[in-house]
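Raw contents of final31.pdb, PDB, C-alpha atoms and all ligand atoms:
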ATOM      1  CA  MET A  25      -5.442  -5.557  -6.875
ATOM      2  CA  ILE A  26      -7.635  -3.987  -4.146
ATOM      3  CA  GLY A  27      -9.416  -7.348  -3.674
ATOM      4  CA  GLU A  28      -6.076  -9.144  -3.331
ATOM      5  CA  ALA A  29      -4.883  -6.584  -0.783
ATOM      6  CA  VAL A  30      -8.115  -6.998   1.213
ATOM      7  CA  LYS A  31      -7.707 -10.803   1.260
ATOM      8  CA  LEU A  32      -4.084 -10.536   2.458
ATOM      9  CA  LEU A  33      -5.000  -7.964   5.145
ATOM     10  CA  LEU A  34      -7.961  -9.980   6.473
ATOM     11  CA  ARG A  35      -5.762 -13.116   6.574
ATOM     12  CA  SER A  36      -2.924 -11.314   8.409
ATOM     13  CA  ARG A  37      -2.525 -11.539  12.210
ATOM     14  CA  SER A  38       0.102  -8.829  12.782
ATOM     15  CA  ALA A  39      -0.002  -6.290   9.950
ATOM     16  CA  ILE A  40       1.814  -2.944  10.151
ATOM     17  CA  ALA A  41       2.065   0.100   7.880
ATOM     18  CA  PHE A  42       5.262   1.922   6.784
ATOM     19  CA  THR A  43       4.750   5.375   5.293
ATOM     20  CA  GLY A  44       6.669   8.165   3.537
ATOM     21  CA  ALA A  45       6.017  11.639   2.146
ATOM     22  CA  GLY A  46       3.785  10.256  -0.628
ATOM     23  CA  ILE A  47       0.950   9.497   1.824
ATOM     24  CA  SER A  48       0.716  13.235   2.606
ATOM     25  CA  ALA A  49       0.938  14.418  -1.018
ATOM     26  CA  GLU A  50      -2.886  14.479  -1.373
ATOM     27  CA  SER A  51      -2.999  16.685   1.756
ATOM     28  CA  GLY A  52      -0.916  19.275  -0.134
ATOM     29  CA  VAL A  53       2.411  18.519   1.600
ATOM     30  CA  PRO A  54       5.204  18.441  -1.047
ATOM     31  CA  THR A  55       7.261  15.221  -1.077
ATOM     32  CA  PHE A  56      11.059  15.365  -0.942
ATOM     33  CA  ARG A  57      11.763  14.203  -4.415
ATOM     34  CA  ASP A  58       8.861  15.542  -6.443
ATOM     35  CA  PRO A  59       9.827  18.174  -9.024
ATOM     36  CA  ASN A  60       8.499  21.167  -7.067
ATOM     37  CA  GLY A  61       9.941  19.860  -3.773
ATOM     38  CA  LEU A  62      12.643  22.568  -3.853
ATOM     39  CA  TRP A  63      12.668  25.485  -1.368
ATOM     40  CA  ARG A  64      14.495  28.669  -2.558
ATOM     41  CA  ASN A  65      16.361  26.278  -4.899
ATOM     42  CA  HIS A  66      17.627  24.270  -1.969
ATOM     43  CA  LYS A  67      17.115  20.513  -1.985
ATOM     44  CA  PRO A  68      15.530  19.569   1.383
ATOM     45  CA  GLU A  69      18.369  17.201   2.203
ATOM     46  CA  GLU A  70      20.830  20.132   1.841
ATOM     47  CA  LEU A  71      19.071  22.032   4.633
ATOM     48  CA  ALA A  72      18.138  19.039   6.814
ATOM     49  CA  THR A  73      21.714  18.570   8.122
ATOM     50  CA  PRO A  74      23.622  19.626  11.282
ATOM     51  CA  GLU A  75      26.233  21.224   9.005
ATOM     52  CA  ALA A  76      23.621  23.501   7.362
ATOM     53  CA  PHE A  77      22.361  24.537  10.820
ATOM     54  CA  LYS A  78      25.886  25.315  12.023
ATOM     55  CA  ARG A  79      26.608  27.280   8.817
ATOM     56  CA  ASN A  80      23.357  29.268   8.656
ATOM     57  CA  PRO A  81      20.793  28.574  11.428
ATOM     58  CA  GLU A  82      18.571  31.489  10.264
ATOM     59  CA  LEU A  83      18.213  29.926   6.803
ATOM     60  CA  VAL A  84      17.396  26.504   8.270
ATOM     61  CA  TRP A  85      14.783  28.039  10.581
ATOM     62  CA  ASP A  86      13.242  29.946   7.663
ATOM     63  CA  PHE A  87      12.997  26.573   5.832
ATOM     64  CA  TYR A  88      11.320  24.854   8.801
ATOM     65  CA  ARG A  89       8.970  27.750   9.481
ATOM     66  CA  TRP A  90       7.898  27.608   5.792
ATOM     67  CA  ARG A  91       7.191  23.875   6.113
ATOM     68  CA  MET A  92       5.455  24.261   9.519
ATOM     69  CA  GLU A  93       3.212  27.009   8.062
ATOM     70  CA  LEU A  94       2.374  24.788   5.063
ATOM     71  CA  ILE A  95       1.839  21.579   7.067
ATOM     72  CA  ARG A  96      -0.346  23.097   9.791
ATOM     73  CA  LYS A  97      -2.908  24.078   7.110
ATOM     74  CA  ALA A  98      -2.909  20.475   5.794
ATOM     75  CA  ARG A  99      -5.550  17.963   6.900
ATOM     76  CA  PRO A 100      -5.217  14.181   7.072
ATOM     77  CA  ASN A 101      -6.487  12.568   3.826
ATOM     78  CA  ASP A 102      -8.405   9.317   3.245
ATOM     79  CA  ALA A 103      -5.201   7.267   3.442
ATOM     80  CA  HIS A 104      -4.261   8.606   6.911
ATOM     81  CA  LEU A 105      -7.893   8.197   8.066
ATOM     82  CA  ALA A 106      -8.178   4.650   6.677
ATOM     83  CA  LEU A 107      -5.036   3.533   8.557
ATOM     84  CA  ALA A 108      -6.456   4.945  11.810
ATOM     85  CA  GLU A 109      -9.748   3.104  11.216
ATOM     86  CA  LEU A 110      -7.990  -0.179  10.355
ATOM     87  CA  GLU A 111      -6.099   0.162  13.651
ATOM     88  CA  ARG A 112      -9.405   0.601  15.541
ATOM     89  CA  MET A 113     -10.705  -2.523  13.730
ATOM     90  CA  GLY A 114      -7.606  -4.436  14.933
ATOM     91  CA  ILE A 115      -6.419  -5.084  11.344
ATOM     92  CA  ILE A 116      -3.347  -2.789  11.497
ATOM     93  CA  ARG A 117      -1.199  -3.017  14.667
ATOM     94  CA  ALA A 118       0.969   0.087  14.189
ATOM     95  CA  VAL A 119       2.072   2.808  11.777
ATOM     96  CA  ILE A 120       5.817   3.396  11.341
ATOM     97  CA  THR A 121       6.387   6.714   9.553
ATOM     98  CA  GLN A 122       9.286   8.702   8.122
ATOM     99  CA  ASN A 123       7.045  11.777   8.036
ATOM    100  CA  VAL A 124       7.477  14.649  10.485
ATOM    101  CA  ASP A 125       4.091  16.231   9.576
ATOM    102  CA  ASP A 126       1.992  14.910  12.506
ATOM    103  CA  LEU A 127      -0.855  13.965  10.102
ATOM    104  CA  HIS A 128      -1.071  10.334  11.272
ATOM    105  CA  ARG A 129      -1.623  11.578  14.840
ATOM    106  CA  GLU A 130      -4.163  14.125  13.615
ATOM    107  CA  ALA A 131      -5.964  11.258  11.803
ATOM    108  CA  GLY A 132      -6.263   9.314  15.083
ATOM    109  CA  THR A 133      -3.509   6.692  14.771
ATOM    110  CA  GLU A 134      -2.647   5.553  18.315
ATOM    111  CA  ASN A 135       0.354   3.213  17.895
ATOM    112  CA  LEU A 136       2.541   5.622  15.876
ATOM    113  CA  ILE A 137       6.338   5.417  15.580
ATOM    114  CA  GLU A 138       7.890   8.619  14.208
ATOM    115  CA  LEU A 139      11.354   7.526  13.012
ATOM    116  CA  HIS A 140      12.472  10.996  11.893
ATOM    117  CA  GLY A 141      10.897  13.174  14.594
ATOM    118  CA  ASN A 142       8.093  15.756  14.462
ATOM    119  CA  ILE A 143       8.272  19.254  12.916
ATOM    120  CA  PHE A 144       5.965  20.722  15.612
ATOM    121  CA  ARG A 145       8.409  19.850  18.417
ATOM    122  CA  VAL A 146      11.570  21.819  19.237
ATOM    123  CA  LYS A 147      14.552  20.928  21.413
ATOM    124  CA  CYS A 148      17.551  22.774  22.836
ATOM    125  CA  THR A 149      20.992  22.373  21.259
ATOM    126  CA  SER A 150      22.648  22.314  24.713
ATOM    127  CA  CYS A 151      20.326  21.307  27.575
ATOM    128  CA  ASN A 152      17.588  18.648  27.455
ATOM    129  CA  TYR A 153      14.771  21.176  27.101
ATOM    130  CA  SER A 154      12.115  20.173  24.532
ATOM    131  CA  GLU A 155       8.624  21.495  23.739
ATOM    132  CA  ASP A 156       5.621  20.312  21.716
ATOM    133  CA  LEU A 157       4.435  23.600  20.202
ATOM    134  CA  LYS A 158       0.909  22.275  19.574
ATOM    135  CA  LYS A 159       0.545  21.153  23.190
ATOM    136  CA  SER A 160       2.160  24.316  24.636
ATOM    137  CA  GLY A 161       0.021  26.524  22.357
ATOM    138  CA  ARG A 162       3.089  28.550  21.273
ATOM    139  CA  LEU A 163       2.974  27.484  17.612
ATOM    140  CA  GLU A 164       1.411  30.770  16.449
ATOM    141  CA  GLU A 165       3.998  32.876  18.290
ATOM    142  CA  PHE A 166       6.785  30.666  16.922
ATOM    143  CA  LEU A 167       5.662  31.084  13.353
ATOM    144  CA  LYS A 168       5.306  34.852  13.733
ATOM    145  CA  GLY A 169       8.882  35.013  15.044
ATOM    146  CA  ASN A 170      11.970  35.007  12.859
ATOM    147  CA  GLY A 171      15.619  34.226  13.378
ATOM    148  CA  VAL A 172      16.779  31.468  15.716
ATOM    149  CA  PRO A 173      14.493  30.881  18.739
ATOM    150  CA  LYS A 174      16.249  30.619  22.117
ATOM    151  CA  CYS A 175      15.855  28.034  24.874
ATOM    152  CA  PRO A 176      13.743  29.418  27.769
ATOM    153  CA  ASN A 177      15.834  27.235  30.092
ATOM    154  CA  CYS A 178      19.471  28.048  29.158
ATOM    155  CA  GLY A 179      19.248  30.621  26.358
ATOM    156  CA  SER A 180      20.987  28.413  23.764
ATOM    157  CA  GLN A 181      19.651  27.920  20.206
ATOM    158  CA  LEU A 182      16.531  25.807  19.762
ATOM    159  CA  ARG A 183      16.287  23.453  16.763
ATOM    160  CA  PRO A 184      13.431  21.418  15.194
ATOM    161  CA  ASP A 185      13.089  17.998  16.928
ATOM    162  CA  VAL A 186      13.624  16.116  13.656
ATOM    163  CA  VAL A 187      16.431  13.734  12.593
ATOM    164  CA  TRP A 188      18.837  15.394  10.177
ATOM    165  CA  PHE A 189      20.900  13.509   7.593
ATOM    166  CA  GLY A 190      24.026  12.100   9.268
ATOM    167  CA  GLU A 191      22.295  12.004  12.662
ATOM    168  CA  PRO A 192      21.228   8.805  14.419
ATOM    169  CA  LEU A 193      17.508   8.013  14.700
ATOM    170  CA  PRO A 194      15.905   8.083  18.187
ATOM    171  CA  LYS A 195      17.060   4.788  19.743
ATOM    172  CA  GLU A 196      13.702   3.859  21.294
ATOM    173  CA  ALA A 197      11.726   4.532  18.096
ATOM    174  CA  LEU A 198      14.191   2.584  15.919
ATOM    175  CA  GLU A 199      14.233  -0.420  18.262
ATOM    176  CA  LYS A 200      10.429  -0.455  18.543
ATOM    177  CA  ALA A 201      10.091  -0.214  14.733
ATOM    178  CA  PHE A 202      12.574  -3.044  14.075
ATOM    179  CA  GLU A 203      10.865  -5.175  16.725
ATOM    180  CA  LEU A 204       7.415  -4.604  15.188
ATOM    181  CA  ALA A 205       8.811  -5.393  11.723
ATOM    182  CA  SER A 206      10.419  -8.594  12.954
ATOM    183  CA  LYS A 207       7.044  -9.806  14.294
ATOM    184  CA  ALA A 208       4.866  -8.601  11.398
ATOM    185  CA  ASP A 209       3.320 -11.017   8.883
ATOM    186  CA  LEU A 210       2.414  -8.160   6.515
ATOM    187  CA  VAL A 211       3.601  -4.605   5.850
ATOM    188  CA  LEU A 212       1.598  -2.016   3.907
ATOM    189  CA  VAL A 213       4.231   0.287   2.340
ATOM    190  CA  ILE A 214       2.645   3.611   1.327
ATOM    191  CA  GLY A 215       4.247   6.559  -0.515
ATOM    192  CA  THR A 216       7.952   6.118   0.005
ATOM    193  CA  SER A 217      10.855   6.052  -2.466
ATOM    194  CA  GLY A 218      12.589   3.672  -0.040
ATOM    195  CA  VAL A 219      16.025   5.294  -0.376
ATOM    196  CA  VAL A 220      16.584   6.699   3.108
ATOM    197  CA  TYR A 221      18.243   4.397   5.664
ATOM    198  CA  PRO A 222      17.968   2.847   8.177
ATOM    199  CA  ALA A 223      14.180   3.424   7.786
ATOM    200  CA  ALA A 224      14.089   1.640   4.402
ATOM    201  CA  TYR A 225      15.223  -1.617   6.063
ATOM    202  CA  ILE A 226      11.721  -2.025   7.629
ATOM    203  CA  PRO A 227      10.001  -3.752   4.630
ATOM    204  CA  TYR A 228      13.082  -5.942   4.072
ATOM    205  CA  ILE A 229      12.968  -7.133   7.709
ATOM    206  CA  VAL A 230       9.294  -8.174   7.280
ATOM    207  CA  LYS A 231      10.132  -9.936   3.991
ATOM    208  CA  GLU A 232      13.134 -11.761   5.481
ATOM    209  CA  ARG A 233      10.850 -13.114   8.240
ATOM    210  CA  GLY A 234       8.468 -14.565   5.601
ATOM    211  CA  GLY A 235       5.988 -11.692   5.842
ATOM    212  CA  ARG A 236       4.083 -10.192   2.875
ATOM    213  CA  VAL A 237       4.795  -6.756   1.359
ATOM    214  CA  ILE A 238       1.986  -4.717  -0.218
ATOM    215  CA  GLU A 239       3.171  -1.458  -1.852
ATOM    216  CA  ILE A 240       0.957   1.530  -2.767
ATOM    217  CA  ASN A 241       2.756   4.099  -4.929
ATOM    218  CA  PRO A 242       1.829   5.619  -8.321
ATOM    219  CA  LYS A 243       5.469   4.981  -9.310
ATOM    220  CA  GLY A 244       7.924   2.172  -8.565
ATOM    221  CA  SER A 245      10.375   2.615  -5.656
ATOM    222  CA  GLY A 246      13.332   0.942  -3.974
ATOM    223  CA  ILE A 247      10.803  -1.355  -2.266
ATOM    224  CA  THR A 248       8.981  -2.535  -5.422
ATOM    225  CA  PRO A 249      11.419  -5.424  -6.123
ATOM    226  CA  ILE A 250      10.313  -7.157  -2.884
ATOM    227  CA  ALA A 251       6.594  -6.295  -3.130
ATOM    228  CA  ASP A 252       4.239  -9.317  -3.258
ATOM    229  CA  LEU A 253       1.518  -6.934  -4.435
ATOM    230  CA  PHE A 254       2.173  -3.547  -6.120
ATOM    231  CA  ILE A 255      -0.739  -1.101  -6.383
ATOM    232  CA  PRO A 256       0.232   1.791  -8.726
ATOM    233  CA  LEU A 257      -2.414   4.183  -7.348
ATOM    234  CA  PRO A 258      -2.415   7.349  -5.222
ATOM    235  CA  ALA A 259      -2.651   6.437  -1.507
ATOM    236  CA  GLY A 260      -6.009   8.139  -0.898
ATOM    237  CA  LYS A 261      -7.753   6.263  -3.708
ATOM    238  CA  ALA A 262      -6.195   2.880  -2.879
ATOM    239  CA  MET A 263      -6.792   3.082   0.890
ATOM    240  CA  ARG A 264     -10.397   4.289   0.433
ATOM    241  CA  GLY A 265     -11.017   1.223  -1.782
ATOM    242  CA  ILE A 266      -9.353  -1.151   0.676
ATOM    243  CA  LEU A 267     -11.228   0.217   3.715
ATOM    244  CA  ASP A 268     -14.640   0.208   2.001
ATOM    245  CA  SER A 269     -14.154  -3.352   0.807
ATOM    246  CA  ILE A 270     -12.958  -4.562   4.234
ATOM    247  CA  LYS A 271     -15.955  -2.915   5.909
ATOM    248  CA  LYS A 272     -18.333  -4.650   3.475
ATOM    249  CA  THR A 273     -16.627  -7.991   4.139
ATOM    250  CA  VAL A 274     -16.533  -7.552   7.927
ATOM    251  CA  GLU A 275     -20.163  -6.361   8.070
ATOM    252  CA  GLY A 276     -20.972  -9.617   6.236
ATOM    253  CA  GLY A 277     -21.638  -7.830   2.939
TER     254      GLY A 277
HETATM  255  C1  LIG B 301      22.172   8.020   9.778
HETATM  256  C2  LIG B 301      13.598  14.481   8.774
HETATM  257  C3  LIG B 301      24.093   7.401  10.946
HETATM  258  C4  LIG B 301      14.080  15.843   8.486
HETATM  259  C5  LIG B 301      14.662  12.912   7.211
HETATM  260  C6  LIG B 301      22.894   3.234   3.956
HETATM  261  C7  LIG B 301      22.905   3.320   2.597
HETATM  262  C8  LIG B 301      22.927   4.602   1.992
HETATM  263  C9  LIG B 301      22.901   5.787   2.726
HETATM  264  C10 LIG B 301      22.889   5.685   4.071
HETATM  265  C11 LIG B 301      22.892   4.420   4.676
HETATM  266  N1  LIG B 301      22.845   4.648   5.999
HETATM  267  C12 LIG B 301      22.839   5.982   6.252
HETATM  268  C13 LIG B 301      22.863   6.628   5.088
HETATM  269  C14 LIG B 301      22.839   8.075   4.951
HETATM  270  C15 LIG B 301      21.431   8.674   5.014
HETATM  271  C16 LIG B 301      20.630   8.217   3.834
HETATM  272  O1  LIG B 301      19.843   7.294   3.906
HETATM  273  N2  LIG B 301      20.839   8.943   2.719
HETATM  274  C17 LIG B 301      20.068   8.631   1.499
HETATM  275  C18 LIG B 301      19.477   9.908   0.962
HETATM  276  C19 LIG B 301      20.966   7.981   0.493
HETATM  277  N3  LIG B 301      20.738   8.342   6.256
HETATM  278  C20 LIG B 301      20.949   9.162   7.312
HETATM  279  O2  LIG B 301      21.654  10.149   7.295
HETATM  280  C21 LIG B 301      20.212   8.789   8.590
HETATM  281  N4  LIG B 301      21.122   8.858   9.703
HETATM  282  O3  LIG B 301      22.369   7.162   8.969
HETATM  283  O4  LIG B 301      22.958   8.254  10.871
HETATM  284  C22 LIG B 301      24.600   7.557  12.295
HETATM  285  C23 LIG B 301      24.414   6.510  13.155
HETATM  286  C24 LIG B 301      24.976   6.614  14.429
HETATM  287  C25 LIG B 301      25.692   7.787  14.792
HETATM  288  C26 LIG B 301      25.820   8.837  13.885
HETATM  289  C27 LIG B 301      25.256   8.744  12.614
HETATM  290  C28 LIG B 301      19.087   9.826   8.901
HETATM  291  C29 LIG B 301      18.075   9.821   7.831
HETATM  292  C30 LIG B 301      16.874  10.718   8.234
HETATM  293  C31 LIG B 301      16.972  12.096   7.626
HETATM  294  N5  LIG B 301      15.773  12.889   7.930
HETATM  295  N6  LIG B 301      13.587  13.667   7.556
HETATM  296  C32 LIG B 301      13.075  16.676   7.741
HETATM  297  O5  LIG B 301      12.043  16.144   7.323
HETATM  298  O6  LIG B 301      13.329  17.871   7.622
HETATM  299  S1  LIG B 301      14.607  11.928   5.789
HETATM  300  C33 LIG B 301      13.285  12.547   4.866
HETATM  301  O7  LIG B 301      13.554  12.172   3.537
HETATM  302  C34 LIG B 301      11.939  11.957   5.176
HETATM  303  O8  LIG B 301      11.733  11.757   6.535
HETATM  304  C35 LIG B 301      11.990  10.642   4.395
HETATM  305  O9  LIG B 301      12.634   9.655   5.139
HETATM  306  C36 LIG B 301      12.869  10.983   3.233
HETATM  307  C37 LIG B 301      12.032  11.232   2.039
HETATM  308  O10 LIG B 301      11.707   9.979   1.522
HETATM  309  P1  LIG B 301      10.162   9.620   1.239
HETATM  310  O11 LIG B 301       9.356   9.880   2.442
HETATM  311  O12 LIG B 301      10.179   8.271   0.668
HETATM  312  O13 LIG B 301       9.723  10.725   0.161
HETATM  313  P2  LIG B 301      10.207  10.899  -1.346
HETATM  314  O14 LIG B 301       9.877  12.279  -1.718
HETATM  315  O15 LIG B 301      11.592  10.394  -1.505
HETATM  316  O16 LIG B 301       9.257   9.877  -2.160
HETATM  317  C38 LIG B 301       7.876  10.074  -2.165
HETATM  318  C39 LIG B 301       7.284   8.821  -2.793
HETATM  319  O17 LIG B 301       5.856   8.974  -2.742
HETATM  320  C40 LIG B 301       7.671   8.623  -4.255
HETATM  321  O18 LIG B 301       8.036   7.259  -4.444
HETATM  322  C41 LIG B 301       6.388   8.962  -5.027
HETATM  323  O19 LIG B 301       6.231   8.158  -6.176
HETATM  324  C42 LIG B 301       5.321   8.617  -3.997
HETATM  325  N7  LIG B 301       4.052   9.357  -4.136
HETATM  326  C43 LIG B 301       3.863  10.607  -4.641
HETATM  327  N8  LIG B 301       2.523  10.934  -4.566
HETATM  328  C44 LIG B 301       1.888   9.869  -3.991
HETATM  329  C45 LIG B 301       2.877   8.864  -3.693
HETATM  330  N9  LIG B 301       2.568   7.690  -3.114
HETATM  331  C46 LIG B 301       1.244   7.468  -2.818
HETATM  332  N10 LIG B 301       0.253   8.381  -3.056
HETATM  333  C47 LIG B 301       0.539   9.571  -3.641
HETATM  334  N11 LIG B 301      -0.460  10.436  -3.866
HETATM  335 ZN    ZN B 302      18.574  24.792  26.789
END

Rewrite the coordinates I just gave you, this time as structure tokens.
Amino acid sequence: MIGEAVKLLLRSRSAIAFTGAGISAESGVPTFRDPNGLWRNHKPEELATPEAFKRNPELVWDFYRWRMELIRKARPNDAHLALAELERMGIIRAVITQNVDDLHREAGTENLIELHGNIFRVKCTSCNYSEDLKKSGRLEEFLKGNGVPKCPNCGSQLRPDVVWFGEPLPKEALEKAFELASKADLVLVIGTSGVVYPAAYIPYIVKERGGRVIEINPKGSGITPIADLFIPLPAGKAMRGILDSIKKTVEGG
């Protein structure tokens, strides 16, 4: 399997990666659908909605602060690091992710498309104020706070700069992702259940254009039916194997 994946990747001219929560599981970030993915008995998709925020913004902020606290302690794993290295080697053109955990950026991926936003950014619910808490250095203060943070510009409620269910994806990111998929001759699909749309269209667009689909996931997913190669392994293990083997091949091993 790993050998087959290496052959397909080395033969490809415009390969991309499409990732979900599973790629961050080995970094200790719970996925959405794994058994202990619940928070205070709330399913994530119950709290990740504009309705939930309108109903109880304190509860939603408690949920996001819990995730921010958990994610900021997490480090990129071998799968994130391998994708960044394959980009530097010119083998992977871009990473399109559903994850809001910033771990691809931390791993060094340059051409990153975040379809569902980033949990370390906030934006105002009324004016166009937004802030990257890592860049502004206010993350600590934010996490120590409680309740609903206010906009320093107009005093309205701030919210996480992520896409909630029922909300449209950022236009620019979606267009760039669909464009990359329409030009890709191979997509590496890592750690997604492939049930959330429109993100889950990405592998289908590559397939429709005659491109190859390689899937890495310990379990089958909504993408498995169109996978040319299915690797039922954890992402870290599979990507470590793929990178090592590509390096050997490239260095004329
Ligand atoms: C919209 C940010 C319209 C927030 C997220 C068409 C058909 C059906 C439904 C719809 C449709 N179109 C729209 C919908 C509705 C909805 C949707 O898709 N619902 C689903 C649930 C049925 N989509 C929307 O609401 C989207 N918006 O459509 O707007 C619109 C348009 C114009 C104007 C107005 C409105 C917005 C969707 C985005 C929601 N936000 N996240 C936050 O994070 O707080 S989605 C969130 O959940 C994640 O970002 C991710 O996308 C998704 C979770 O999925 P995965 O990442 O795949 O994770 P999951 O836990 O499911 O699976 C993990 C996988 O990893 C498993 O397969 C497991 O086996 C594997 N794994 C585990 N360990 C490992 C591993 N793999 C490898 N290695 C391991 N070690
Ligand atoms: Zn404001």

Closest atom pairs, residues of stretch 173-224 of chain A within 10 Å of stretch 73-96 of chain A, all atoms listed in the file, as CSV:
residue,atom,partner,partner_atom,distance
A:Pro173,CA,A:Trp85,CA,8.6
A:Gln181,CA,A:Pro81,CA,8.9
A:Leu182,CA,A:Trp85,CA,9.6
A:Arg183,CA,A:Trp85,CA,7.8
A:Pro184,CA,A:Tyr88,CA,7.6
A:Val187,CA,A:Thr73,CA,8.4
A:Trp188,CA,A:Thr73,CA,4.8
A:Phe189,CA,A:Thr73,CA,5.2
A:Gly190,CA,A:Thr73,CA,7.0
A:Glu191,CA,A:Pro74,CA,7.9

Name the residues captured by the PyMOL selection byres (((chain A and resi 260) around 9) and not hetatm) when it is applied to the shown file; answer as a list of chain:residue names. A:Ile47, A:Glu50, A:Asn101, A:Asp102, A:Ala103, A:His104, A:Ala106, A:Leu257, A:Pro258, A:Ala259, A:Lys261, A:Ala262, A:Met263, A:Arg264, A:Gly265

Write the selection just made, keeping C-alpha atoms, as a PDB file, in the frame of the given file?
ATOM      1  CA  ILE A  47       0.950   9.497   1.824  1.00  0.00           C
ATOM      2  CA  GLU A  50      -2.886  14.479  -1.373  1.00  0.00           C
ATOM      3  CA  ASN A 101      -6.487  12.568   3.826  1.00  0.00           C
ATOM      4  CA  ASP A 102      -8.405   9.317   3.245  1.00  0.00           C
ATOM      5  CA  ALA A 103      -5.201   7.267   3.442  1.00  0.00           C
ATOM      6  CA  HIS A 104      -4.261   8.606   6.911  1.00  0.00           C
ATOM      7  CA  ALA A 106      -8.178   4.650   6.677  1.00  0.00           C
ATOM      8  CA  LEU A 257      -2.414   4.183  -7.348  1.00  0.00           C
ATOM      9  CA  PRO A 258      -2.415   7.349  -5.222  1.00  0.00           C
ATOM     10  CA  ALA A 259      -2.651   6.437  -1.507  1.00  0.00           C
ATOM     11  CA  LYS A 261      -7.753   6.263  -3.708  1.00  0.00           C
ATOM     12  CA  ALA A 262      -6.195   2.880  -2.879  1.00  0.00           C
ATOM     13  CA  MET A 263      -6.792   3.082   0.890  1.00  0.00           C
ATOM     14  CA  ARG A 264     -10.397   4.289   0.433  1.00  0.00           C
ATOM     15  CA  GLY A 265     -11.017   1.223  -1.782  1.00  0.00           C
TER      16      GLY A 265
END

Can you tell me which residues sit at most 6 Å away from ligand LIG 301 (chain B), counting all atoms listed in the file, written as a PyMOL selection string? chain A and resi 44-47+49-50+55-58+72+122-124+140+186-192+214-222+240-243+245+258-259

Just so the selection is clear, what residues does the PyMOL selection byres (((not hetatm)) within 6 of (chain B and resi 302)) cover here, as a PyMOL selection string? chain A and resi 148+150-151+153+175+177-180

Can you work out the spacing between atom CA of A:Ala251 and atom CA of A:Arg236 in Å, to one decimal?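 Those two atoms sit 7.6 Å apart.
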
Interatomic distance between atom CA of A:Asp156 and atom CA of A:Asn142?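 Computing it gives 8.9 Å between the two atoms.
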
Within 12 Å of A:Gly235, counting only C-alpha atoms, which residues qualify if same-chain residues fewer than 6 places away don't, as number ranges by chain? A: 32-33, 35-40, 204-212, 226-229, 250-252
